[in-house]
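Novice: Sending over start-v6.txt (compact mmCIF, C-alpha atoms).
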# COMPACT_ATOMS: atom_id res chain seq x y z
CA MET A 994 8.80 32.25 -15.36
CA ALA A 995 9.62 29.39 -13.01
CA LYS A 996 8.69 25.83 -13.88
CA PHE A 997 8.75 23.06 -11.35
CA THR A 998 9.20 19.31 -11.09
CA LYS A 999 6.57 16.69 -11.87
CA ALA A 1000 2.98 17.59 -11.09
CA SER A 1001 2.37 14.69 -8.70
CA SER A 1002 5.26 15.59 -6.38
CA THR A 1003 4.24 19.24 -6.47
CA VAL A 1004 0.68 18.38 -5.44
CA THR A 1005 1.94 16.08 -2.67
CA LEU A 1006 4.29 18.61 -1.09
CA CYS A 1007 1.80 21.45 -1.31
CA ALA A 1008 -1.02 19.29 0.03
CA VAL A 1009 1.05 18.37 3.09
CA ALA A 1010 1.74 22.06 3.66
CA ASN A 1011 -2.00 22.68 3.54
CA PHE A 1012 -2.52 19.83 6.04
CA ILE A 1013 -0.30 21.68 8.53
CA ASN A 1014 -1.89 25.02 7.62
CA ALA A 1015 -5.39 23.78 8.38
CA ALA A 1016 -4.44 21.87 11.52
CA ASP A 1017 -2.73 24.88 13.09
CA ARG A 1018 -5.74 27.03 12.25
CA VAL A 1019 -8.28 24.96 14.20
CA ILE A 1020 -6.28 24.41 17.37
CA MET A 1021 -7.43 27.63 19.03
CA PRO A 1022 -11.20 27.01 18.62
CA ILE A 1023 -10.69 23.78 20.57
CA ALA A 1024 -8.11 25.05 23.05
CA ILE A 1025 -10.18 28.14 23.86
CA ILE A 1026 -12.69 26.02 25.80
CA GLN A 1027 -9.97 25.13 28.36
CA MET A 1028 -8.28 28.53 28.11
CA SER A 1029 -11.44 30.58 28.63
CA THR A 1030 -12.15 28.64 31.81
CA GLN A 1031 -8.58 29.09 33.07
CA PHE A 1032 -8.24 32.78 32.17
CA LYS A 1033 -11.90 33.82 32.71
CA TRP A 1034 -12.54 35.19 29.22
CA ASP A 1035 -16.07 36.29 28.31
CA LEU A 1036 -17.69 35.58 24.92
CA HIS A 1037 -16.57 38.88 23.39
CA SER A 1038 -12.92 38.28 24.35
CA GLN A 1039 -13.12 34.82 22.84
CA GLY A 1040 -14.58 36.33 19.68
CA TRP A 1041 -11.66 38.73 19.24
CA ILE A 1042 -9.09 36.00 19.89
CA LEU A 1043 -10.70 33.80 17.25
CA SER A 1044 -11.06 36.61 14.70
CA SER A 1045 -7.58 38.10 15.13
CA PHE A 1046 -6.23 35.28 12.96
CA ALA A 1047 -8.23 36.64 10.02
CA ILE A 1048 -6.72 40.12 10.40
CA GLY A 1049 -3.22 38.77 9.74
CA TYR A 1050 -4.52 36.39 7.10
CA MET A 1051 -6.11 39.19 5.11
CA SER A 1052 -3.10 41.49 5.36
CA SER A 1053 -0.72 39.02 3.68
CA MET A 1054 -2.88 37.73 0.84
CA LEU A 1055 -1.67 40.09 -1.88
CA ILE A 1056 1.92 39.83 -0.66
CA GLY A 1057 1.80 36.06 -1.13
CA GLY A 1058 0.43 36.24 -4.66
CA GLY A 1059 2.92 38.88 -5.77
CA ALA A 1060 5.95 37.26 -4.14
CA ALA A 1061 5.24 33.89 -5.74
CA LYS A 1062 4.94 35.46 -9.17
CA GLY A 1063 7.86 37.87 -9.03
CA TYR A 1064 10.33 36.23 -6.66
CA SER A 1065 10.28 32.55 -5.73
CA GLY A 1066 7.46 30.19 -4.93
CA LYS A 1067 9.78 27.92 -2.98
CA ASN A 1068 11.18 30.65 -0.75
CA THR A 1069 7.78 32.25 -0.20
CA LEU A 1070 6.24 28.97 0.93
CA THR A 1071 9.23 28.25 3.16
CA LEU A 1072 8.80 31.63 4.85
CA ALA A 1073 5.06 31.12 5.23
CA VAL A 1074 5.26 27.69 6.89
CA SER A 1075 8.12 28.78 9.17
CA MET A 1076 6.20 31.86 10.32
CA TRP A 1077 2.91 30.16 11.12
CA SER A 1078 4.63 27.18 12.77
CA LEU A 1079 6.73 29.37 15.05
CA SER A 1080 3.74 31.45 16.14
CA THR A 1081 1.84 28.25 16.92
CA PHE A 1082 4.68 26.66 18.86
CA ILE A 1083 5.29 29.64 21.18
CA THR A 1084 1.61 30.40 21.88
CA PRO A 1085 1.57 28.62 25.29
CA TYR A 1086 4.29 30.96 26.56
CA PHE A 1087 1.97 33.95 26.06
CA GLY A 1088 -1.43 32.42 26.77
CA HIS A 1089 -1.82 34.45 29.97
CA SER A 1090 -1.66 37.76 28.08
CA LEU A 1091 -4.70 38.58 25.96
CA ASN A 1092 -2.82 41.22 23.93
CA PHE A 1093 0.20 39.01 23.18
CA LEU A 1094 -2.10 36.13 22.32
CA ILE A 1095 -3.99 38.25 19.82
CA PHE A 1096 -0.66 39.40 18.34
CA LEU A 1097 0.47 35.79 17.84
CA ARG A 1098 -2.84 34.97 16.23
CA VAL A 1099 -2.27 37.84 13.79
CA ILE A 1100 1.22 36.47 12.99
CA LEU A 1101 -0.27 33.00 12.48
CA GLY A 1102 -2.77 34.46 10.05
CA PHE A 1103 -0.10 36.48 8.24
CA GLY A 1104 2.01 33.36 7.64
CA GLU A 1105 -0.93 31.25 6.51
CA GLY A 1106 -2.09 34.05 4.23
CA LEU A 1107 1.17 33.77 2.29
CA GLY A 1108 0.72 30.04 1.72
CA LEU A 1109 -2.31 29.39 -0.46
CA PRO A 1110 -1.73 32.18 -3.04
CA THR A 1111 1.75 30.74 -3.55
CA ILE A 1112 0.34 27.24 -4.00
CA PHE A 1113 -2.31 28.50 -6.44
CA HIS A 1114 0.40 30.20 -8.49
CA ILE A 1115 2.40 26.96 -8.56
CA PHE A 1116 -0.62 24.88 -9.56
CA ALA A 1117 -1.60 27.26 -12.37
CA HIS A 1118 1.79 26.70 -14.03
CA THR A 1119 2.34 23.05 -13.14
CA ILE A 1120 -0.98 21.19 -13.36
CA PRO A 1121 -2.60 20.41 -16.75
CA LEU A 1122 -6.19 21.58 -17.25
CA GLU A 1123 -7.59 18.04 -17.30
CA GLU A 1124 -5.98 17.31 -13.89
CA ARG A 1125 -6.66 20.60 -12.13
CA SER A 1126 -9.97 19.74 -10.50
CA ARG A 1127 -8.57 16.73 -8.68
CA ALA A 1128 -5.32 18.56 -7.86
CA PHE A 1129 -7.30 21.27 -6.10
CA GLY A 1130 -9.52 18.56 -4.65
CA TYR A 1131 -6.52 16.83 -3.06
CA LEU A 1132 -5.17 20.17 -1.83
CA VAL A 1133 -8.43 21.05 -0.10
CA ALA A 1134 -8.91 17.47 1.11
CA MET A 1135 -5.53 17.43 2.84
CA GLY A 1136 -6.50 20.63 4.59
CA SER A 1137 -9.60 18.85 5.83
CA VAL A 1138 -7.49 15.88 6.93
CA GLY A 1139 -5.34 18.29 8.95
CA GLN A 1140 -8.43 19.75 10.58
CA THR A 1141 -9.71 16.23 11.25
CA VAL A 1142 -6.49 15.08 12.92
CA ALA A 1143 -6.36 18.21 15.07
CA ALA A 1144 -10.01 17.83 16.06
CA LEU A 1145 -9.48 14.18 17.03
CA VAL A 1146 -6.25 14.67 18.96
CA CYS A 1147 -6.57 18.06 20.64
CA PRO A 1148 -9.57 17.39 22.93
CA HIS A 1149 -7.48 14.74 24.71
CA LEU A 1150 -4.49 17.04 25.33
CA PRO A 1151 -3.72 19.85 27.77
CA TRP A 1152 -4.14 23.01 25.73
CA GLN A 1153 -0.41 23.82 25.80
CA TRP A 1154 0.53 20.56 24.10
CA MET A 1155 -1.91 21.19 21.27
CA PHE A 1156 0.31 24.06 20.15
CA TYR A 1157 3.64 22.35 20.83
CA ILE A 1158 2.83 19.22 18.82
CA PHE A 1159 1.25 20.78 15.77
CA GLY A 1160 3.66 23.70 15.69
CA SER A 1161 6.57 21.27 15.43
CA PHE A 1162 5.09 19.61 12.33
CA GLY A 1163 5.82 22.73 10.31
CA PHE A 1164 9.50 22.71 11.22
CA VAL A 1165 9.79 19.12 9.98
CA TRP A 1166 8.01 20.01 6.73
CA VAL A 1167 10.43 22.89 6.05
CA VAL A 1168 13.36 20.46 6.27
CA PHE A 1169 11.80 18.06 3.74
CA TRP A 1170 10.74 20.94 1.48
CA SER A 1171 14.25 22.36 1.43
CA MET A 1172 15.81 18.97 0.73
CA PHE A 1173 13.48 17.51 -1.88
CA TYR A 1174 11.72 20.35 -3.71
CA ARG A 1175 13.52 21.60 -6.80
CA GLU A 1176 12.50 24.86 -8.42
CA VAL A 1177 13.60 25.07 -12.04
CA ARG A 1178 14.21 28.35 -13.82
CA GLY A 1179 15.20 28.53 -17.45
CA PRO A 1180 15.51 25.38 -19.63
CA PHE A 1181 13.63 22.38 -18.33
CA GLU A 1182 12.73 18.90 -19.44
CA GLU A 1183 9.78 18.30 -21.72
CA GLU A 1184 7.92 16.06 -19.30
CA GLU A 1185 8.33 18.51 -16.43
CA PHE A 1186 6.42 21.40 -17.86
CA VAL A 1187 2.83 22.25 -18.58
CA GLN A 1188 2.18 24.07 -21.83
CA PRO A 1189 1.70 27.78 -21.20
CA PRO A 1190 -1.72 29.38 -21.64
CA LYS A 1191 -2.87 29.87 -25.22
CA VAL A 1192 -3.35 33.59 -24.64
CA PRO A 1193 -0.12 34.99 -23.21
CA ASN A 1194 -0.66 37.90 -20.84
CA SER A 1195 2.17 38.07 -18.37
CA THR A 1196 1.45 41.63 -17.30
CA ALA A 1197 -1.82 43.14 -16.15
CA ARG A 1198 -2.73 46.42 -14.53
CA TRP A 1199 -4.21 46.26 -11.08
CA PHE A 1200 -7.61 47.62 -12.05
CA GLU A 1201 -8.05 44.64 -14.39
CA PHE A 1202 -8.18 42.32 -11.38
CA ILE A 1203 -11.39 44.03 -10.24
CA GLY A 1204 -12.75 45.02 -13.64
CA HIS A 1205 -14.23 41.72 -14.87
CA TRP A 1206 -17.51 40.18 -13.75
CA PRO A 1207 -16.23 36.59 -14.05
CA LEU A 1208 -13.58 37.46 -11.46
CA TRP A 1209 -16.16 39.13 -9.22
CA SER A 1210 -18.36 36.03 -9.42
CA ILE A 1211 -15.44 34.02 -8.01
CA TYR A 1212 -14.76 36.62 -5.33
CA VAL A 1213 -18.42 36.67 -4.21
CA ALA A 1214 -18.71 32.86 -4.21
CA HIS A 1215 -15.51 32.53 -2.17
CA PHE A 1216 -16.75 35.18 0.31
CA SER A 1217 -20.04 33.30 0.69
CA MET A 1218 -18.36 29.92 1.20
CA ASN A 1219 -16.05 31.31 3.86
CA TRP A 1220 -18.84 33.01 5.82
CA SER A 1221 -20.39 29.72 6.87
CA ASN A 1222 -17.04 27.90 7.06
CA TYR A 1223 -15.56 30.45 9.48
CA ILE A 1224 -18.60 30.17 11.74
CA ILE A 1225 -18.19 26.40 11.88
CA MET A 1226 -14.42 26.50 12.28
CA GLN A 1227 -14.39 29.22 14.96
CA TRP A 1228 -17.47 28.41 16.98
CA LEU A 1229 -18.45 24.74 16.55
CA PRO A 1230 -16.57 23.43 19.64
CA THR A 1231 -17.97 26.24 21.80
CA TYR A 1232 -21.50 25.76 20.42
CA MET A 1233 -21.38 22.04 21.08
CA ALA A 1234 -20.08 22.51 24.63
CA ARG A 1235 -22.42 25.35 25.63
CA ASN A 1236 -25.62 24.65 23.66
CA LEU A 1237 -25.62 20.92 22.94
CA SER A 1238 -24.22 19.87 26.34
CA ALA A 1239 -21.26 18.08 24.74
CA GLU A 1240 -18.76 16.59 27.17
CA THR A 1241 -15.01 17.04 26.70
CA HIS A 1242 -14.66 13.74 24.86
CA ASP A 1243 -17.59 14.70 22.59
CA ILE A 1244 -15.59 17.63 21.17
CA MET A 1245 -13.68 15.10 19.09
CA PHE A 1246 -16.83 14.83 16.97
CA THR A 1247 -15.90 18.20 15.50
CA ALA A 1248 -13.57 16.07 13.36
CA LEU A 1249 -16.51 14.59 11.44
CA PRO A 1250 -17.30 17.73 9.40
CA TYR A 1251 -13.67 17.92 8.32
CA MET A 1252 -13.59 14.21 7.46
CA MET A 1253 -16.67 14.67 5.32
CA ASN A 1254 -15.10 17.72 3.69
CA SER A 1255 -11.98 15.73 2.87
CA VAL A 1256 -13.80 12.79 1.29
CA VAL A 1257 -16.21 14.92 -0.72
CA GLY A 1258 -13.37 17.15 -1.92
CA VAL A 1259 -11.53 14.22 -3.52
CA VAL A 1260 -14.68 12.61 -4.93
CA ALA A 1261 -15.93 15.92 -6.32
CA GLY A 1262 -12.57 16.58 -7.97
CA HIS A 1263 -12.55 13.24 -9.81
CA PHE A 1264 -16.24 13.64 -10.70
CA ALA A 1265 -15.66 17.13 -12.13
CA ASP A 1266 -12.69 15.98 -14.23
CA ALA A 1267 -14.73 13.01 -15.48
CA LEU A 1268 -17.51 15.37 -16.60
CA ILE A 1269 -14.99 17.50 -18.50
CA ASN A 1270 -13.52 14.38 -20.13
CA HIS A 1271 -17.07 13.40 -21.15
CA LYS A 1272 -17.44 16.64 -23.10
CA TRP A 1273 -19.13 18.80 -20.48
CA THR A 1274 -17.98 22.37 -20.86
CA VAL A 1275 -15.60 23.64 -18.19
CA LEU A 1276 -18.07 26.43 -17.37
CA SER A 1277 -21.01 24.07 -16.80
CA VAL A 1278 -18.89 21.93 -14.47
CA ARG A 1279 -17.63 24.93 -12.49
CA ARG A 1280 -21.19 26.24 -12.10
CA LEU A 1281 -22.60 22.86 -11.08
CA MET A 1282 -19.96 22.23 -8.43
CA THR A 1283 -20.20 25.76 -7.03
CA SER A 1284 -24.00 25.56 -6.81
CA VAL A 1285 -23.81 22.30 -4.87
CA GLY A 1286 -21.01 23.80 -2.73
CA LEU A 1287 -23.05 26.84 -1.71
CA LEU A 1288 -26.73 25.86 -1.72
CA GLY A 1289 -26.23 22.53 0.04
CA PRO A 1290 -24.24 23.94 2.98
CA GLY A 1291 -26.75 26.77 3.40
CA ILE A 1292 -29.68 24.35 3.69
CA PHE A 1293 -27.94 22.01 6.14
CA LEU A 1294 -26.68 24.90 8.26
CA LEU A 1295 -30.29 26.00 8.74
CA LEU A 1296 -31.24 22.46 9.77
CA PHE A 1297 -28.26 22.38 12.13
CA GLY A 1298 -29.58 25.46 13.92
CA PHE A 1299 -33.01 23.87 14.42
CA VAL A 1300 -31.95 20.71 16.25
CA SER A 1301 -30.89 20.19 19.86
CA ASN A 1302 -29.92 16.53 19.51
CA LEU A 1303 -26.12 16.18 19.42
CA PRO A 1304 -25.81 13.27 16.93
CA LEU A 1305 -28.30 14.88 14.53
CA ALA A 1306 -26.58 18.25 14.83
CA VAL A 1307 -23.21 16.65 14.04
CA LEU A 1308 -24.75 14.95 11.00
CA PHE A 1309 -26.18 18.20 9.62
CA VAL A 1310 -23.02 20.24 10.16
CA SER A 1311 -20.96 17.42 8.62
CA LEU A 1312 -23.14 17.43 5.51
CA SER A 1313 -22.82 21.20 5.35
CA MET A 1314 -19.02 21.09 5.49
CA GLY A 1315 -18.88 18.10 3.16
CA LEU A 1316 -20.85 19.73 0.38
CA SER A 1317 -18.80 22.90 0.79
CA ALA A 1318 -15.80 20.94 -0.55
CA CYS A 1319 -17.44 20.90 -3.99
CA ASN A 1320 -16.23 24.49 -4.31
CA SER A 1321 -12.69 23.15 -4.80
CA SER A 1322 -13.80 21.83 -8.21
CA GLY A 1323 -15.94 24.88 -8.84
CA GLN A 1324 -15.04 28.47 -8.13
CA LEU A 1325 -11.66 27.66 -6.53
CA SER A 1326 -10.49 25.89 -9.69
CA ASN A 1327 -11.91 28.71 -11.82
CA HIS A 1328 -8.92 30.98 -11.07
CA ALA A 1329 -6.65 28.91 -13.30
CA ASP A 1330 -9.28 29.02 -16.08
CA VAL A 1331 -9.90 32.75 -16.24
CA ALA A 1332 -6.47 34.05 -15.16
CA PRO A 1333 -3.87 31.33 -15.80
CA ASN A 1334 -0.96 33.78 -15.74
CA HIS A 1335 -2.17 35.50 -12.58
CA ALA A 1336 -3.93 32.78 -10.57
CA GLY A 1337 -1.85 33.48 -7.48
CA ILE A 1338 -2.84 37.13 -7.50
CA THR A 1339 -6.52 36.58 -8.30
CA PHE A 1340 -6.72 34.00 -5.52
CA ALA A 1341 -4.97 36.44 -3.18
CA ILE A 1342 -7.60 39.09 -3.94
CA SER A 1343 -10.40 36.55 -3.62
CA ASN A 1344 -9.10 35.18 -0.34
CA THR A 1345 -8.52 38.68 1.01
CA LEU A 1346 -12.17 39.54 0.46
CA ALA A 1347 -13.20 36.09 1.71
CA THR A 1348 -11.30 36.69 4.96
CA ILE A 1349 -13.62 39.54 5.91
CA PRO A 1350 -16.10 36.97 7.30
CA GLY A 1351 -13.27 35.60 9.43
CA ILE A 1352 -12.79 39.00 11.01
CA MET A 1353 -16.50 39.65 11.43
CA CYS A 1354 -17.69 36.22 12.56
CA GLY A 1355 -15.99 36.34 15.95
CA PRO A 1356 -17.31 39.62 17.39
CA LEU A 1357 -20.52 39.59 15.28
CA THR A 1358 -21.47 36.10 16.43
CA ALA A 1359 -20.73 37.02 20.05
CA GLU A 1360 -22.92 40.13 19.74
CA LEU A 1361 -25.79 38.32 17.99
CA VAL A 1362 -25.82 35.52 20.56
CA THR A 1363 -25.60 37.97 23.46
CA GLN A 1364 -28.37 40.20 22.11
CA SER A 1365 -30.52 37.14 21.33
CA HIS A 1366 -30.18 35.93 24.93
CA GLY A 1367 -28.10 32.89 24.01
CA ARG A 1368 -29.90 31.93 20.80
CA TRP A 1369 -27.73 31.08 17.79
CA PHE A 1370 -30.35 30.77 15.07
CA PRO A 1371 -29.86 34.35 13.74
CA VAL A 1372 -26.22 33.45 13.13
CA PHE A 1373 -27.18 30.49 10.97
CA ILE A 1374 -29.92 32.37 9.07
CA ILE A 1375 -27.45 35.05 7.99
CA ALA A 1376 -24.85 32.47 6.96
CA ALA A 1377 -27.35 30.54 4.83
CA GLY A 1378 -28.59 33.73 3.20
CA VAL A 1379 -25.06 34.75 2.25
CA ASN A 1380 -24.51 31.31 0.67
CA PHE A 1381 -27.68 31.56 -1.40
CA VAL A 1382 -26.77 35.02 -2.72
CA GLY A 1383 -23.28 33.82 -3.63
CA ALA A 1384 -24.71 30.90 -5.64
CA VAL A 1385 -26.97 33.19 -7.65
CA VAL A 1386 -24.16 35.63 -8.45
CA TYR A 1387 -21.79 32.87 -9.56
CA GLN A 1388 -24.41 31.21 -11.75
CA SER A 1389 -25.20 34.43 -13.56
CA GLN A 1390 -21.74 36.00 -13.95
CA SER A 1391 -19.09 33.25 -14.08
CA ALA A 1392 -16.99 32.27 -17.10
CA ALA A 1393 -14.34 29.72 -18.00
CA SER A 1394 -12.55 31.59 -20.78
CA GLN A 1395 -9.39 33.57 -20.09
CA VAL A 1396 -9.97 37.21 -19.10
CA LEU A 1397 -6.44 38.01 -17.82
Represent the supplied structure as structure tokens.
Specialist:
Amino acid sequence: MAKFTKASSTVTLCAVANFINAADRVIMPIAIIQMSTQFKWDLHSQGWILSSFAIGYMSSMLIGGGAAKGYSGKNTLTLAVSMWSLSTFITPYFGHSLNFLIFLRVILGFGEGLGLPTIFHIFAHTIPLEERSRAFGYLVAMGSVGQTVAALVCPHLPWQWMFYIFGSFGFVWVVFWSMFYREVRGPFEEEEFVQPPKVPNSTARWFEFIGHWPLWSIYVAHFSMNWSNYIIMQWLPTYMARNLSAETHDIMFTALPYMMNSVVGVVAGHFADALINHKWTVLSVRRLMTSVGLLGPGIFLLLFGFVSNLPLAVLFVSLSMGLSACNSSGQLSNHADVAPNHAGITFAISNTLATIPGIMCGPLTAELVTQSHGRWFPVFIIAAGVNFVGAVVYQSQSAASQVL
């Protein structure tokens, strides 16, 4: 089993990778406003372009978890970042072709799908239990920072340059990763390794990954979180432009939900670790943070759908995305608790299932809005309902003891 260098440098490098991951993911929802005008795409075409990312993302989840465990975390993450950065960088060359554009979006999703399972595998074997909540908090927060930067910068650029600039970031990261990240196999120094799990279980049959209710509680909570997050990520710029009469410069306010997500993610991580250090059980902390991360966003997403005032709408959607970050210290951290030897694989399964909303939200949202004669409230009602169900399932079925 591979052991890596000091935990802080591992978190830093992986968090920067997630910054680029998240930034590249939100370029298209912003660029599509200019592109749909230029290329005359209707709402359904836009929906398929936005959702095609999730098809590739889902298809590579299990590959990422397995490759990190059985081959090399360093090489897998290098491949992932190179793939999604290249597909981003060359997108402007194929923007005129709907089919080629969808294909590149699938490749983008495939590359990004390799990334997080690899990082989860690395964290499970590198980060001590008492530091995990904030490690995952920083990881998720840097993703939000990436989304924030993209949302602030992209509305002021021609759509082609959105892809050129952010695509190039990944190439630079690969150079630094190759130069400064050291993967250690075999003997390693005492201070560079986290004690292995108390219950060794290096092998598990595939049916065990779907045969435990604590794992299913994580899978359901992750699915629920992503349902509302994908709607915001894919459709918020379009909703603001078409329904809230936002001007081009107003689209930069889509950065505020990601800024809120970033801040809350870090604060929630430190708060969760402090509770554990003050003798709260790990399970009670995971359940508390997941409840806040699902119920809160559901409530504020409903309020968001009620208002027509742009500043108030931005406030509500920012609170929704902010509270969602509490999941990083809840169900997202729970993988390393219940399956410390297989966290990369369990996250891959979880994220595969949680990518289904990403595939559905594009065409389903387009159909609901079209059939509702331009009204979006049914979209937000469904999203909130899914969040509430996920919170109930996690509260009743989750665990913090090792099952794999």
Novice: Which residues come within 7 Å of Trp1152 (chain A), counting all atoms listed in the file, excluding same-chain residues fewer than 3 positions away, as a PyMOL selection string?
Specialist: chain A and resi 1024+1027+1155
Novice: To one decimal in Å, tell me the separation between CA of Ile1374 (chain A) and CA of Gly1289 (chain A).
Specialist: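 Going from CA of Ile1374 (chain A) over to CA of Gly1289 (chain A), I get 13.9 Å.
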Novice: Choose the residue, out of A:Ile1100, A:Phe1381, A:Ser1284, A:Thr1003, that has the smallest atom-to-atom separation from Trp1170 (chain A); count only C-alpha atoms.
Specialist: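 The answer is A:Thr1003, which sits nearest to Trp1170 (chain A).
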Novice: What's around region 1224-1231 of chain A at 7 Å? Count only C-alpha atoms, leave out sequence neighbours fewer than 6 positions away in its own chain, and write the answer as number ranges by chain.
Specialist: A: 1019, 1022-1023, 1026, 1043, 1244, 1247, 1354
Novice: Fewer than 4 positions away in the same chain doesn't count, so skip those; otherwise give me all residues within 9 Å of Trp1209 (chain A), counting only C-alpha atoms, as a list of chain:residue names.
Specialist: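 Contacts, with the query itself left out: A:Phe1202, A:Ile1203, A:Gly1204, A:His1205, A:Val1213, A:Ala1214, A:Ser1343, A:Val1386, A:Tyr1387, A:Gln1390, A:Ser1391.
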Novice: Counting only C-alpha atoms, which residues in region 1282-1353 of chain A sit no more than 10 Å from region 1136-1141 of chain A? For each one, give the nearest pair of atoms and the distance in Å, sorted by chain then residue number, as CSV.
Specialist:
residue,atom,partner,partner_atom,distance
A:Met1314,CA,A:Ser1137,CA,9.7
A:Gly1315,CA,A:Ser1137,CA,9.7
A:Ala1318,CA,A:Ser1137,CA,9.1
Novice: In Å, how far is it from CA of Leu1094 (chain A) to CA of Phe1156 (chain A)?
Specialist: 12.5 Å
Novice: Identify the residues within 6 Å of coordinate (-1.5, 33.5, -4.7) (same frame as the file), considering all atoms listed in the file, and give the answer as a list in words.
Specialist: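 Using all atoms listed in the file, the matching residues come out as Gly1057, Gly1058, Leu1109, Pro1110, Thr1111, Phe1113, His1114, Gly1337, Ile1338, Phe1340 and Ala1341 of chain A.
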Novice: Give me, please, the distance in Å between CA of Asn1380 (chain A) and CA of Gly1262 (chain A), quoted to one decimal.
Specialist: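 Straight-line distance from CA of Asn1380 (chain A) to CA of Gly1262 (chain A) works out to 20.8 Å.
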Novice: Quick one: everything within 10 Å of Ser1326 (chain A), counting all atoms listed in the file, minus sequence neighbours fewer than 6 positions away in the same chain. Send it as a list in words.
Specialist: Phe1113, Phe1116, Ala1117, Leu1122, Arg1125, Ser1126, Arg1127, Ala1128, Phe1129, Gly1130, Ile1211, Gly1262, Arg1279, Asn1320, Ala1336, Phe1340 and Ala1393 of chain A
Novice: Measuring atom to atom with all atoms listed in the file, identify which of A:Ala1008, A:Leu1036, A:Val1275, A:Leu1281 is nearest to Gly1355 (chain A).
Specialist: A:Leu1036
Novice: Please provide as a list in words all residues within 7 Å of Ser1313 (chain A), with the sequence filter that same-chain residues fewer than 2 positions apart are discarded (counting only C-alpha atoms).
Specialist: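 Near Ser1313 (chain A), the qualifying residues are Gly1289, Pro1290, Phe1293, Leu1294, Phe1309, Val1310, Ser1311, Gly1315, Leu1316 and Ser1317 of chain A.
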